[in-house]
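Shown here: data03.cif, mmCIF, C-alpha atoms and all ligand atoms.
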```cif
data_upload
#
loop_
_atom_site.group_PDB
_atom_site.id
_atom_site.type_symbol
_atom_site.label_atom_id
_atom_site.label_comp_id
_atom_site.auth_asym_id
_atom_site.auth_seq_id
_atom_site.Cartn_x
_atom_site.Cartn_y
_atom_site.Cartn_z
ATOM 1 C CA MET A 1487 74.069 12.324 69.405
ATOM 2 C CA THR A 1488 71.546 12.147 72.261
ATOM 3 C CA THR A 1489 71.728 14.286 75.361
ATOM 4 C CA ASN A 1490 70.971 12.700 78.736
ATOM 5 C CA ASN A 1491 67.362 12.628 77.461
ATOM 6 C CA PRO A 1492 66.555 10.614 74.310
ATOM 7 C CA ASP A 1493 63.798 13.138 73.495
ATOM 8 C CA LEU A 1494 66.447 15.787 72.794
ATOM 9 C CA SER A 1495 69.376 15.326 70.454
ATOM 10 C CA LEU A 1496 72.412 17.481 69.875
ATOM 11 C CA SER A 1497 74.542 17.565 66.744
ATOM 12 C CA PHE A 1498 76.958 20.026 65.220
ATOM 13 C CA ALA A 1499 77.340 21.779 61.877
ATOM 14 C CA GLY A 1500 80.075 23.943 60.384
ATOM 15 C CA GLU A 1501 83.724 23.276 59.657
ATOM 16 C CA GLN A 1502 84.685 23.786 63.281
ATOM 17 C CA SER A 1503 81.439 22.444 64.785
ATOM 18 C CA GLU A 1504 80.625 26.076 65.516
ATOM 19 C CA VAL A 1505 76.858 25.546 65.127
ATOM 20 C CA ALA A 1506 74.935 23.383 67.602
ATOM 21 C CA VAL A 1507 71.723 21.818 66.304
ATOM 22 C CA VAL A 1508 69.356 20.943 69.135
ATOM 23 C CA THR A 1509 66.470 18.736 68.003
ATOM 24 C CA LEU A 1510 63.219 17.942 69.794
ATOM 25 C CA ASN A 1511 63.014 14.222 69.210
ATOM 26 C CA ARG A 1512 59.561 13.228 70.421
ATOM 27 C CA ALA A 1513 57.632 13.049 67.166
ATOM 28 C CA PRO A 1514 55.050 10.454 68.329
ATOM 29 C CA LYS A 1515 53.850 13.078 70.845
ATOM 30 C CA ARG A 1516 54.371 15.942 68.383
ATOM 31 C CA ASN A 1517 57.373 17.088 70.435
ATOM 32 C CA ALA A 1518 55.130 18.005 73.386
ATOM 33 C CA LEU A 1519 57.280 19.348 76.193
ATOM 34 C CA ASN A 1520 57.150 17.334 79.397
ATOM 35 C CA ASP A 1521 59.119 18.390 82.475
ATOM 36 C CA ALA A 1522 62.084 16.168 81.625
ATOM 37 C CA LEU A 1523 62.335 17.666 78.143
ATOM 38 C CA ILE A 1524 62.176 21.244 79.437
ATOM 39 C CA LEU A 1525 64.972 20.438 81.896
ATOM 40 C CA ALA A 1526 66.995 18.812 79.100
ATOM 41 C CA ILE A 1527 66.630 22.004 77.014
ATOM 42 C CA ARG A 1528 67.879 24.002 79.998
ATOM 43 C CA ASP A 1529 70.838 21.665 80.469
ATOM 44 C CA VAL A 1530 71.875 21.582 76.832
ATOM 45 C CA PHE A 1531 71.882 25.373 76.477
ATOM 46 C CA GLN A 1532 73.704 25.779 79.799
ATOM 47 C CA ASN A 1533 76.431 23.383 78.726
ATOM 48 C CA LEU A 1534 77.110 24.112 75.061
ATOM 49 C CA PRO A 1535 80.742 23.376 74.188
ATOM 50 C CA LYS A 1536 83.009 26.442 74.026
ATOM 51 C CA THR A 1537 83.508 25.883 70.266
ATOM 52 C CA VAL A 1538 79.828 26.634 69.628
ATOM 53 C CA ARG A 1539 79.083 30.195 68.468
ATOM 54 C CA ALA A 1540 75.465 29.879 67.308
ATOM 55 C CA ALA A 1541 72.673 27.347 67.746
ATOM 56 C CA VAL A 1542 69.578 26.107 65.942
ATOM 57 C CA ILE A 1543 66.586 24.401 67.501
ATOM 58 C CA ASP A 1544 64.219 22.296 65.416
ATOM 59 C CA GLY A 1545 61.767 19.434 65.817
ATOM 60 C CA LYS A 1546 61.563 15.903 64.370
ATOM 61 C CA GLY A 1547 58.451 14.760 62.513
ATOM 62 C CA ASP A 1548 55.616 16.802 61.052
ATOM 63 C CA HIS A 1549 55.531 19.487 63.741
ATOM 64 C CA PHE A 1550 57.975 21.745 65.528
ATOM 65 C CA CYS A 1551 56.225 21.469 68.886
ATOM 66 C CA ALA A 1552 52.712 20.882 70.292
ATOM 67 C CA GLY A 1553 53.472 22.831 73.485
ATOM 68 C CA LEU A 1554 53.094 21.705 77.052
ATOM 69 C CA ASP A 1555 52.630 17.972 77.541
ATOM 70 C CA LEU A 1556 49.024 18.149 78.666
ATOM 71 C CA SER A 1557 49.156 14.661 80.187
ATOM 72 C CA GLU A 1558 51.303 16.060 83.032
ATOM 73 C CA LEU A 1559 48.916 18.902 83.883
ATOM 74 C CA SER A 1560 46.241 17.057 85.828
ATOM 75 C CA GLU A 1561 47.361 16.768 89.438
ATOM 76 C CA ARG A 1562 49.179 20.054 90.117
ATOM 77 C CA ASP A 1563 47.984 22.356 92.920
ATOM 78 C CA ALA A 1564 48.395 26.152 92.781
ATOM 79 C CA SER A 1565 51.848 26.356 94.317
ATOM 80 C CA GLU A 1566 53.136 23.485 92.169
ATOM 81 C CA GLY A 1567 51.735 25.362 89.180
ATOM 82 C CA VAL A 1568 53.776 28.449 90.057
ATOM 83 C CA MET A 1569 56.941 26.395 90.431
ATOM 84 C CA HIS A 1570 56.258 24.608 87.145
ATOM 85 C CA SER A 1571 55.897 27.898 85.296
ATOM 86 C CA ARG A 1572 59.057 29.217 86.946
ATOM 87 C CA MET A 1573 60.896 26.097 85.774
ATOM 88 C CA TRP A 1574 59.895 26.893 82.182
ATOM 89 C CA HIS A 1575 60.973 30.514 82.687
ATOM 90 C CA ALA A 1576 64.391 29.427 83.926
ATOM 91 C CA ALA A 1577 64.865 26.976 81.050
ATOM 92 C CA LEU A 1578 63.806 29.405 78.319
ATOM 93 C CA GLU A 1579 65.980 32.086 79.912
ATOM 94 C CA CYS A 1580 68.921 29.740 79.201
ATOM 95 C CA VAL A 1581 67.909 29.836 75.530
ATOM 96 C CA GLU A 1582 67.329 33.593 75.321
ATOM 97 C CA LYS A 1583 70.120 34.827 77.584
ATOM 98 C CA GLY A 1584 72.602 31.999 77.148
ATOM 99 C CA THR A 1585 75.970 32.072 75.473
ATOM 100 C CA VAL A 1586 75.065 32.124 71.762
ATOM 101 C CA PRO A 1587 72.302 33.365 69.460
ATOM 102 C CA VAL A 1588 69.652 30.712 68.802
ATOM 103 C CA ILE A 1589 67.603 30.303 65.618
ATOM 104 C CA ALA A 1590 64.315 28.397 65.653
ATOM 105 C CA ALA A 1591 63.672 26.323 62.504
ATOM 106 C CA LEU A 1592 59.884 26.002 62.385
ATOM 107 C CA HIS A 1593 57.474 23.733 60.557
ATOM 108 C CA GLY A 1594 53.999 22.354 61.232
ATOM 109 C CA ALA A 1595 52.482 23.191 64.602
ATOM 110 C CA VAL A 1596 54.179 25.900 66.651
ATOM 111 C CA VAL A 1597 51.570 26.070 69.359
ATOM 112 C CA GLY A 1598 51.243 26.938 73.019
ATOM 113 C CA GLY A 1599 54.520 26.266 74.771
ATOM 114 C CA GLY A 1600 56.023 25.518 71.349
ATOM 115 C CA LEU A 1601 55.458 29.148 70.406
ATOM 116 C CA GLU A 1602 56.847 30.180 73.791
ATOM 117 C CA LEU A 1603 60.007 28.196 73.025
ATOM 118 C CA ALA A 1604 60.237 29.708 69.528
ATOM 119 C CA THR A 1605 59.868 33.234 70.890
ATOM 120 C CA ALA A 1606 62.724 32.681 73.344
ATOM 121 C CA CYS A 1607 64.984 32.267 70.295
ATOM 122 C CA HIS A 1608 66.634 35.237 68.603
ATOM 123 C CA ILE A 1609 65.491 34.553 65.022
ATOM 124 C CA ARG A 1610 62.653 32.404 63.674
ATOM 125 C CA VAL A 1611 62.784 30.739 60.246
ATOM 126 C CA ALA A 1612 59.458 29.162 59.240
ATOM 127 C CA ASP A 1613 58.658 26.914 56.324
ATOM 128 C CA GLU A 1614 55.338 27.106 54.499
ATOM 129 C CA SER A 1615 53.782 24.271 56.523
ATOM 130 C CA THR A 1616 54.072 26.285 59.753
ATOM 131 C CA PHE A 1617 51.052 27.362 61.767
ATOM 132 C CA TYR A 1618 50.880 29.242 65.041
ATOM 133 C CA ALA A 1619 48.301 29.140 67.826
ATOM 134 C CA LEU A 1620 47.903 29.691 71.555
ATOM 135 C CA PRO A 1621 45.280 27.032 72.403
ATOM 136 C CA GLU A 1622 45.728 27.703 76.124
ATOM 137 C CA GLY A 1623 42.634 29.915 75.962
ATOM 138 C CA THR A 1624 40.441 27.097 74.690
ATOM 139 C CA ARG A 1625 42.013 24.567 77.115
ATOM 140 C CA GLY A 1626 41.008 26.763 80.070
ATOM 141 C CA ILE A 1627 44.575 27.626 81.017
ATOM 142 C CA PHE A 1628 47.015 30.507 80.463
ATOM 143 C CA VAL A 1629 50.482 30.752 79.004
ATOM 144 C CA GLY A 1630 53.154 29.881 81.570
ATOM 145 C CA GLY A 1631 56.404 29.680 79.639
ATOM 146 C CA GLY A 1632 57.050 33.382 79.146
ATOM 147 C CA GLY A 1633 54.529 33.842 76.324
ATOM 148 C CA SER A 1634 52.800 36.840 77.877
ATOM 149 C CA VAL A 1635 56.130 38.667 77.963
ATOM 150 C CA ARG A 1636 57.725 37.532 74.690
ATOM 151 C CA VAL A 1637 54.811 37.126 72.251
ATOM 152 C CA PRO A 1638 53.487 40.725 72.616
ATOM 153 C CA LYS A 1639 56.989 42.012 71.907
ATOM 154 C CA LEU A 1640 56.778 40.398 68.470
ATOM 155 C CA ILE A 1641 53.136 40.914 67.501
ATOM 156 C CA GLY A 1642 51.598 43.228 70.128
ATOM 157 C CA ALA A 1643 49.242 42.448 73.001
ATOM 158 C CA ALA A 1644 46.124 42.932 70.809
ATOM 159 C CA ARG A 1645 47.037 40.078 68.437
ATOM 160 C CA MET A 1646 48.017 37.791 71.305
ATOM 161 C CA THR A 1647 44.728 38.558 73.078
ATOM 162 C CA ASP A 1648 42.833 37.672 69.884
ATOM 163 C CA MET A 1649 44.804 34.407 69.494
ATOM 164 C CA MET A 1650 43.980 33.354 73.044
ATOM 165 C CA LEU A 1651 40.379 34.562 73.193
ATOM 166 C CA THR A 1652 39.290 33.158 69.840
ATOM 167 C CA GLY A 1653 41.720 30.307 69.193
ATOM 168 C CA ARG A 1654 42.851 32.074 66.001
ATOM 169 C CA VAL A 1655 45.461 30.153 64.024
ATOM 170 C CA TYR A 1656 47.963 32.045 61.866
ATOM 171 C CA ASN A 1657 49.358 30.322 58.794
ATOM 172 C CA ALA A 1658 53.005 30.616 57.774
ATOM 173 C CA ALA A 1659 52.578 33.607 55.457
ATOM 174 C CA ASP A 1660 50.477 35.578 57.934
ATOM 175 C CA GLY A 1661 52.860 34.596 60.730
ATOM 176 C CA GLU A 1662 55.714 36.178 58.840
ATOM 177 C CA ARG A 1663 53.621 39.221 57.937
ATOM 178 C CA ILE A 1664 52.783 39.992 61.576
ATOM 179 C CA GLY A 1665 56.304 39.327 62.832
ATOM 180 C CA LEU A 1666 56.193 35.855 64.364
ATOM 181 C CA ALA A 1667 58.920 34.733 61.949
ATOM 182 C CA GLN A 1668 61.629 36.732 60.215
ATOM 183 C CA TYR A 1669 62.080 34.285 57.297
ATOM 184 C CA LEU A 1670 59.551 32.288 55.286
ATOM 185 C CA VAL A 1671 61.016 29.449 53.212
ATOM 186 C CA PRO A 1672 59.692 26.529 51.143
ATOM 187 C CA THR A 1673 58.395 23.484 53.006
ATOM 188 C CA GLY A 1674 61.192 21.251 54.239
ATOM 189 C CA THR A 1675 63.956 23.877 54.060
ATOM 190 C CA ALA A 1676 63.714 25.710 57.402
ATOM 191 C CA LEU A 1677 66.539 23.730 58.993
ATOM 192 C CA ASP A 1678 68.906 24.341 56.066
ATOM 193 C CA LYS A 1679 68.148 28.050 56.094
ATOM 194 C CA ALA A 1680 68.540 28.235 59.874
ATOM 195 C CA VAL A 1681 71.926 26.484 59.732
ATOM 196 C CA GLU A 1682 73.045 28.791 56.911
ATOM 197 C CA LEU A 1683 72.124 31.831 59.033
ATOM 198 C CA ALA A 1684 73.732 30.309 62.127
ATOM 199 C CA LYS A 1685 77.023 29.853 60.265
ATOM 200 C CA ARG A 1686 76.929 33.528 59.284
ATOM 201 C CA ILE A 1687 76.191 34.534 62.875
ATOM 202 C CA ALA A 1688 79.003 32.292 64.151
ATOM 203 C CA ASP A 1689 81.365 34.360 62.031
ATOM 204 C CA ASN A 1690 80.492 37.626 63.814
ATOM 205 C CA ALA A 1691 82.714 39.106 66.483
ATOM 206 C CA PRO A 1692 81.553 37.454 69.737
ATOM 207 C CA MET A 1693 81.102 40.840 71.423
ATOM 208 C CA THR A 1694 78.639 41.894 68.714
ATOM 209 C CA ASN A 1695 76.580 38.755 69.297
ATOM 210 C CA PHE A 1696 76.789 39.327 73.045
ATOM 211 C CA ALA A 1697 75.573 42.919 72.643
ATOM 212 C CA LEU A 1698 72.609 41.844 70.528
ATOM 213 C CA MET A 1699 71.580 39.124 72.978
ATOM 214 C CA HIS A 1700 72.205 40.894 76.256
ATOM 215 C CA ALA A 1701 72.266 44.659 75.659
ATOM 216 C CA LEU A 1702 69.664 45.265 72.932
ATOM 217 C CA PRO A 1703 66.670 43.627 74.715
ATOM 218 C CA ARG A 1704 67.500 45.544 77.906
ATOM 219 C CA ILE A 1705 67.990 48.833 76.071
ATOM 220 C CA ALA A 1706 64.633 48.325 74.337
ATOM 221 C CA GLU A 1707 62.966 48.229 77.760
ATOM 222 C CA GLN A 1708 64.806 51.196 79.239
ATOM 223 C CA PRO A 1709 63.556 54.785 79.145
ATOM 224 C CA ALA A 1710 65.107 56.446 76.065
ATOM 225 C CA ASP A 1711 67.637 58.454 78.044
ATOM 226 C CA HIS A 1712 68.886 55.332 79.901
ATOM 227 C CA GLY A 1713 68.839 53.336 76.675
ATOM 228 C CA LEU A 1714 71.027 55.845 74.874
ATOM 229 C CA PHE A 1715 73.487 55.816 77.754
ATOM 230 C CA THR A 1716 73.617 51.991 77.850
ATOM 231 C CA GLU A 1717 74.052 51.990 74.082
ATOM 232 C CA ALA A 1718 77.051 54.312 74.352
ATOM 233 C CA LEU A 1719 78.676 52.019 76.937
ATOM 234 C CA MET A 1720 78.001 48.887 74.893
ATOM 235 C CA ALA A 1721 79.235 50.501 71.679
ATOM 236 C CA SER A 1722 82.435 51.503 73.376
ATOM 237 C CA VAL A 1723 83.037 48.010 74.790
ATOM 238 C CA ALA A 1724 82.339 46.380 71.411
ATOM 239 C CA GLN A 1725 84.538 48.689 69.369
ATOM 240 C CA SER A 1726 87.456 48.458 71.776
ATOM 241 C CA ALA A 1727 87.768 44.675 71.253
ATOM 242 C CA PRO A 1728 90.875 43.847 69.162
ATOM 243 C CA GLU A 1729 88.698 41.822 66.800
ATOM 244 C CA ALA A 1730 86.558 44.879 65.998
ATOM 245 C CA LYS A 1731 89.632 46.933 65.217
ATOM 246 C CA ALA A 1732 90.991 44.200 62.936
ATOM 247 C CA ARG A 1733 87.672 43.911 61.080
ATOM 248 C CA VAL A 1734 87.397 47.665 60.504
ATOM 249 C CA ARG A 1735 91.048 47.817 59.354
ATOM 250 C CA ALA A 1736 90.385 44.969 56.901
ATOM 251 C CA PHE A 1737 87.504 46.930 55.370
ATOM 252 C CA LEU A 1738 89.558 50.110 55.076
ATOM 253 C CA GLU A 1739 92.304 48.124 53.352
ATOM 254 C CA GLY A 1740 89.777 46.729 50.861
ATOM 255 C CA LYS A 1741 90.096 43.202 52.286
ATOM 256 C CA ALA A 1742 86.591 42.797 53.729
ATOM 257 C CA ALA A 1743 83.274 42.256 51.974
ATOM 258 C CA LYS A 1744 81.209 45.298 51.020
ATOM 259 C CA VAL A 1745 77.506 45.481 51.769
ATOM 260 C CA LYS A 1746 75.759 44.043 48.698
ATOM 261 C CA LYS A 1747 72.128 43.823 47.587
ATOM 262 C CA ASP A 1748 70.847 40.242 48.039
HETATM 263 C C1 LIG B 1 50.017 15.522 72.967
HETATM 264 C C2 LIG B 1 50.084 16.912 72.770
HETATM 265 C C3 LIG B 1 50.256 17.726 73.927
HETATM 266 C C4 LIG B 1 49.789 15.982 70.844
HETATM 267 N N1 LIG B 1 50.360 17.116 75.132
HETATM 268 N N2 LIG B 1 50.108 14.960 74.179
HETATM 269 N N3 LIG B 1 49.015 22.236 73.260
HETATM 270 C C5 LIG B 1 47.888 21.985 72.579
HETATM 271 O O1 LIG B 1 46.791 22.209 73.036
HETATM 272 C C6 LIG B 1 48.063 21.354 71.234
HETATM 273 C C7 LIG B 1 47.568 19.939 71.262
HETATM 274 N N4 LIG B 1 47.932 19.187 70.086
HETATM 275 C C8 LIG B 1 47.296 19.341 68.889
HETATM 276 O O2 LIG B 1 46.458 20.192 68.678
HETATM 277 C C9 LIG B 1 47.680 18.375 67.802
HETATM 278 O O3 LIG B 1 48.250 17.235 68.429
HETATM 279 C C10 LIG B 1 48.696 18.935 66.775
HETATM 280 C C11 LIG B 1 48.003 19.991 65.909
HETATM 281 C C12 LIG B 1 49.931 19.530 67.444
HETATM 282 C C13 LIG B 1 49.180 17.762 65.878
HETATM 283 O O4 LIG B 1 48.074 17.070 65.335
HETATM 284 P P1 LIG B 1 48.268 15.587 64.750
HETATM 285 O O5 LIG B 1 46.950 15.186 64.153
HETATM 286 O O6 LIG B 1 49.472 15.543 63.893
HETATM 287 O O7 LIG B 1 48.626 14.670 66.019
HETATM 288 P P2 LIG B 1 47.653 14.040 67.145
HETATM 289 O O8 LIG B 1 47.007 12.799 66.622
HETATM 290 O O9 LIG B 1 46.737 15.084 67.684
HETATM 291 O O10 LIG B 1 48.681 13.702 68.308
HETATM 292 C C14 LIG B 1 49.546 12.580 68.244
HETATM 293 C C15 LIG B 1 49.800 12.133 69.656
HETATM 294 O O11 LIG B 1 50.460 13.188 70.368
HETATM 295 C C16 LIG B 1 48.512 11.862 70.440
HETATM 296 O O12 LIG B 1 48.798 10.873 71.401
HETATM 297 P P3 LIG B 1 48.411 9.311 71.120
HETATM 298 O O13 LIG B 1 48.860 8.625 72.378
HETATM 299 O O14 LIG B 1 46.910 9.330 70.898
HETATM 300 O O15 LIG B 1 49.173 8.899 69.882
HETATM 301 C C17 LIG B 1 48.277 13.158 71.162
HETATM 302 O O16 LIG B 1 47.507 13.017 72.341
HETATM 303 C C18 LIG B 1 49.705 13.557 71.520
HETATM 304 N N5 LIG B 1 49.835 14.990 71.766
HETATM 305 N N6 LIG B 1 49.937 17.174 71.450
HETATM 306 C C19 LIG B 1 50.277 15.773 75.225
HETATM 307 N N7 LIG B 1 50.360 19.054 73.843
HETATM 308 C C20 LIG B 1 54.208 26.472 79.893
HETATM 309 S S1 LIG B 1 52.592 26.541 79.647
HETATM 310 C C21 LIG B 1 52.327 26.130 78.000
HETATM 311 C C22 LIG B 1 50.867 25.807 77.842
HETATM 312 C C23 LIG B 1 50.599 25.065 76.592
HETATM 313 O O17 LIG B 1 51.469 24.779 75.813
HETATM 314 S S2 LIG B 1 48.972 24.641 76.369
HETATM 315 C C24 LIG B 1 48.905 24.133 74.727
HETATM 316 C C25 LIG B 1 49.089 22.644 74.598
#
```
Would you write out, as structure tokens, the structure that this file holds?
Amino acid sequence: MTTNNPDLSLSFAGEQSEVAVVTLNRAPKRNALNDALILAIRDVFQNLPKTVRAAVIDGKGDHFCAGLDLSELSERDASEGVMHSRMWHAALECVEKGTVPVIAALHGAVVGGGLELATACHIRVADESTFYALPEGTRGIFVGGGGSVRVPKLIGAARMTDMMLTGRVYNAADGERIGLAQYLVPTGTALDKAVELAKRIADNAPMTNFALMHALPRIAEQPADHGLFTEALMASVAQSAPEAKARVRAFLEGKAAKVKKD
């Protein structure tokens, strides 16, 4: 299924179409993100059907995403540049703080704005062909899609500074080691793994998913005392939901799965 932009497609997985699969569909340009594609990403995440409880984003072709479409950069003045960056912020905010957890299925290049898109997702699954870079430094520009906020949260400001100052490229294994991805899987299997995880996430109580998307990142930025207080409020809201009570009762009655070693 295409969205209103042929460079972005939307399909569904799961018995009840509970997983949305959003695919960057611009392989000839290595899924470079032009303005229309960024706006299409915003629109698709703002308008996910109510049946959807988790989403995956991946890219067609040999690469996840080559970042900003550099062919659109040339004629912008300073104020247009600010507005352009703010447009990216608004779109990626719809991914990060939207209605459902989003998993990035990564392969090939995850560079520049492509890494900014991946870091707006809640989990990253990378296959062994993945490589990460922030070539903005060598192109004479700066990140503008939220990278300076989100990337240091995963790998620290020192590693991001190194990536941008030196053009350092991390391979898939090192990317997982430093925290850019949470899962490393064989080449060609990132999408399958991401969909498998998304189905599991779709099965969670919605309030748990909400808490992880909307409370946890805020708590992590609060002073400890405020964070503990917010946590208490969120815990109370989550556990008072009828679904939470039913799930706990099912465990106590021996009807729910135990925690098992993988
Ligand atoms: C592009 C782009 C692009 C490819 N904008 N057109 N991002 C970058 O600096 C990364 C630039 N791209 C690359 O380094 C390479 O293209 C890749 C490593 C991603 C892939 O290499 P390869 O050999 O598979 O493909 P290619 O031959 O380099 O590219 C195929 C076509 O895609 C070619 O166009 P064609 O008309 O000659 O066929 C490329 O020009 C085009 N293409 N990447 C425009 N990025 C919110 S601020 C974010 C700031 C940034 O993201 S800056 C980082 C931009």
Given 6 Å and all atoms listed in the file, residues near ligand LIG 1 (chain B) as a list in words: Pro1514, Lys1515, Arg1516, Ala1518, Ala1552, Gly1553, Leu1554, Asp1555, Leu1556, Ser1557, Ser1571, Ala1595, Gly1598, Gly1599, Pro1621, Glu1622, Val1629, Gly1630 and Gly1631 of chain A
Write out, as CSV, each residue of region 1495-1548 of chain A that has an atom at most 7 Å from region 1667-1690 of chain A, together with the closest pair of atoms and their distance in Å to one decimal, counting all atoms listed in the file, rows going by chain and rising number.
```
residue,atom,partner,partner_atom,distance
A:Gly1500,CA,A:Lys1685,CA,6.7
A:Glu1504,CA,A:Ala1688,CA,6.6
A:Val1505,CA,A:Ala1684,CA,6.4
A:Arg1539,CA,A:Ala1688,CA,4.8
A:Ala1540,CA,A:Ala1688,CA,5.3
A:Ala1541,CA,A:Ala1684,CA,6.4
A:Val1542,CA,A:Ala1680,CA,6.5
A:Asp1544,CA,A:Leu1677,CA,7.0
```
Requested write-out: C-alpha atoms of the selected residues, as a short mmCIF file (atom, residue, chain, number, x, y, z; two decimals), keeping the file's coordinate frame:
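File part_33.cif, as written:
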```cif
data_model
loop_
_atom_site.label_atom_id
_atom_site.label_comp_id
_atom_site.auth_asym_id
_atom_site.auth_seq_id
_atom_site.Cartn_x
_atom_site.Cartn_y
_atom_site.Cartn_z
CA GLY A 1500 80.08 23.94 60.38
CA GLU A 1504 80.62 26.08 65.52
CA VAL A 1505 76.86 25.55 65.13
CA ARG A 1539 79.08 30.20 68.47
CA ALA A 1540 75.46 29.88 67.31
CA ALA A 1541 72.67 27.35 67.75
CA VAL A 1542 69.58 26.11 65.94
CA ASP A 1544 64.22 22.30 65.42
#
```
Return as AutoDock Vina command-line options the centre and edge lengths, in Å with one decimal, of the box along x, y and z that encloses every atom of region 1507-1518 of chain A in the file, padded by 3 Å per side.
```
--center_x 62.8 --center_y 16.1 --center_z 69.8 --size_x 23.9 --size_y 17.4 --size_z 13.1
```
Atomic distance CA of Ser1634 (chain A) - CA of Phe1617 (chain A), expressed in Å with one decimal: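 One can read the CA of Ser1634 (chain A) to CA of Phe1617 (chain A) distance as 18.8 Å.
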Interatomic distance (Å, one decimal) between CA of Leu1620 (chain A) and CA of Leu1603 (chain A):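 CA of Leu1603 (chain A) lies 12.3 Å from CA of Leu1620 (chain A).
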Residues matched by the PyMOL selection byres (((chain A and resi 1645-1655) around 8) and not hetatm) as a PyMOL selection string: chain A and resi 1617-1624+1637-1638+1641-1644+1656-1657
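The gap separating CA of Thr1585 (chain A) from CA of Thr1616 (chain A) is 27.6 Å, in Å to one decimal.
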Nearest-residue call for Ile1543 (chain A), choices A:Leu1640, A:Ala1612, A:Ala1727, A:Val1734, using all atoms listed in the file: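 Of A:Leu1640, A:Ala1612, A:Ala1727, A:Val1734, the one nearest Ile1543 (chain A), counting all atoms listed in the file, is A:Ala1612.
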Proximity to Thr1537 (chain A) - best of A:Ala1499, A:Leu1559, A:Ala1721, A:Ala1564, only C-alpha atoms: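 The closest residue to Thr1537 (chain A) is A:Ala1499.
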Running the PyMOL selection byres (((chain A and resi 1508) around 10) and not hetatm) on this model by hand, what would come out? Give it as an mmCIF file with C-alpha atoms, in the coordinates of the input.
```
data_model
loop_
_atom_site.group_PDB
_atom_site.id
_atom_site.type_symbol
_atom_site.label_atom_id
_atom_site.label_comp_id
_atom_site.auth_asym_id
_atom_site.auth_seq_id
_atom_site.Cartn_x
_atom_site.Cartn_y
_atom_site.Cartn_z
ATOM 1 C CA MET A 1487 74.069 12.324 69.405
ATOM 2 C CA THR A 1488 71.546 12.147 72.261
ATOM 3 C CA THR A 1489 71.728 14.286 75.361
ATOM 4 C CA LEU A 1494 66.447 15.787 72.794
ATOM 5 C CA SER A 1495 69.376 15.326 70.454
ATOM 6 C CA LEU A 1496 72.412 17.481 69.875
ATOM 7 C CA SER A 1497 74.542 17.565 66.744
ATOM 8 C CA PHE A 1498 76.958 20.026 65.220
ATOM 9 C CA VAL A 1505 76.858 25.546 65.127
ATOM 10 C CA ALA A 1506 74.935 23.383 67.602
ATOM 11 C CA VAL A 1507 71.723 21.818 66.304
ATOM 12 C CA THR A 1509 66.470 18.736 68.003
ATOM 13 C CA LEU A 1510 63.219 17.942 69.794
ATOM 14 C CA ASN A 1511 63.014 14.222 69.210
ATOM 15 C CA ILE A 1527 66.630 22.004 77.014
ATOM 16 C CA VAL A 1530 71.875 21.582 76.832
ATOM 17 C CA PHE A 1531 71.882 25.373 76.477
ATOM 18 C CA ALA A 1541 72.673 27.347 67.746
ATOM 19 C CA VAL A 1542 69.578 26.107 65.942
ATOM 20 C CA ILE A 1543 66.586 24.401 67.501
ATOM 21 C CA ASP A 1544 64.219 22.296 65.416
ATOM 22 C CA GLY A 1545 61.767 19.434 65.817
ATOM 23 C CA VAL A 1588 69.652 30.712 68.802
ATOM 24 C CA ALA A 1590 64.315 28.397 65.653
#
```
Surrounding residues of His1608 (chain A) excluding itself and chain neighbours under 5 positions, 7 Å, all atoms listed in the file, as a list in words: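 The neighbour list is Glu1582, Pro1587, Val1588 and Ile1589 of chain A.
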Selection result for the PyMOL selection byres (((chain A and resi 1581) around 8) and not hetatm) on this file, as number ranges by chain: A: 1528, 1531, 1577-1580, 1582-1584, 1588, 1606-1607
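Using only C-alpha atoms, the nearest neighbour of Ala1576 (chain A) within the list A:Gly1740, A:Gly1632, A:Gly1713, A:Gly1626 is A:Gly1632.
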Contacts of Ala1691 (chain A) at 7 Å (all atoms listed in the file; same-chain gap of 2+ positions) as a VMD selection string: chain A and resid 1689 1693 to 1695 1729 to 1730
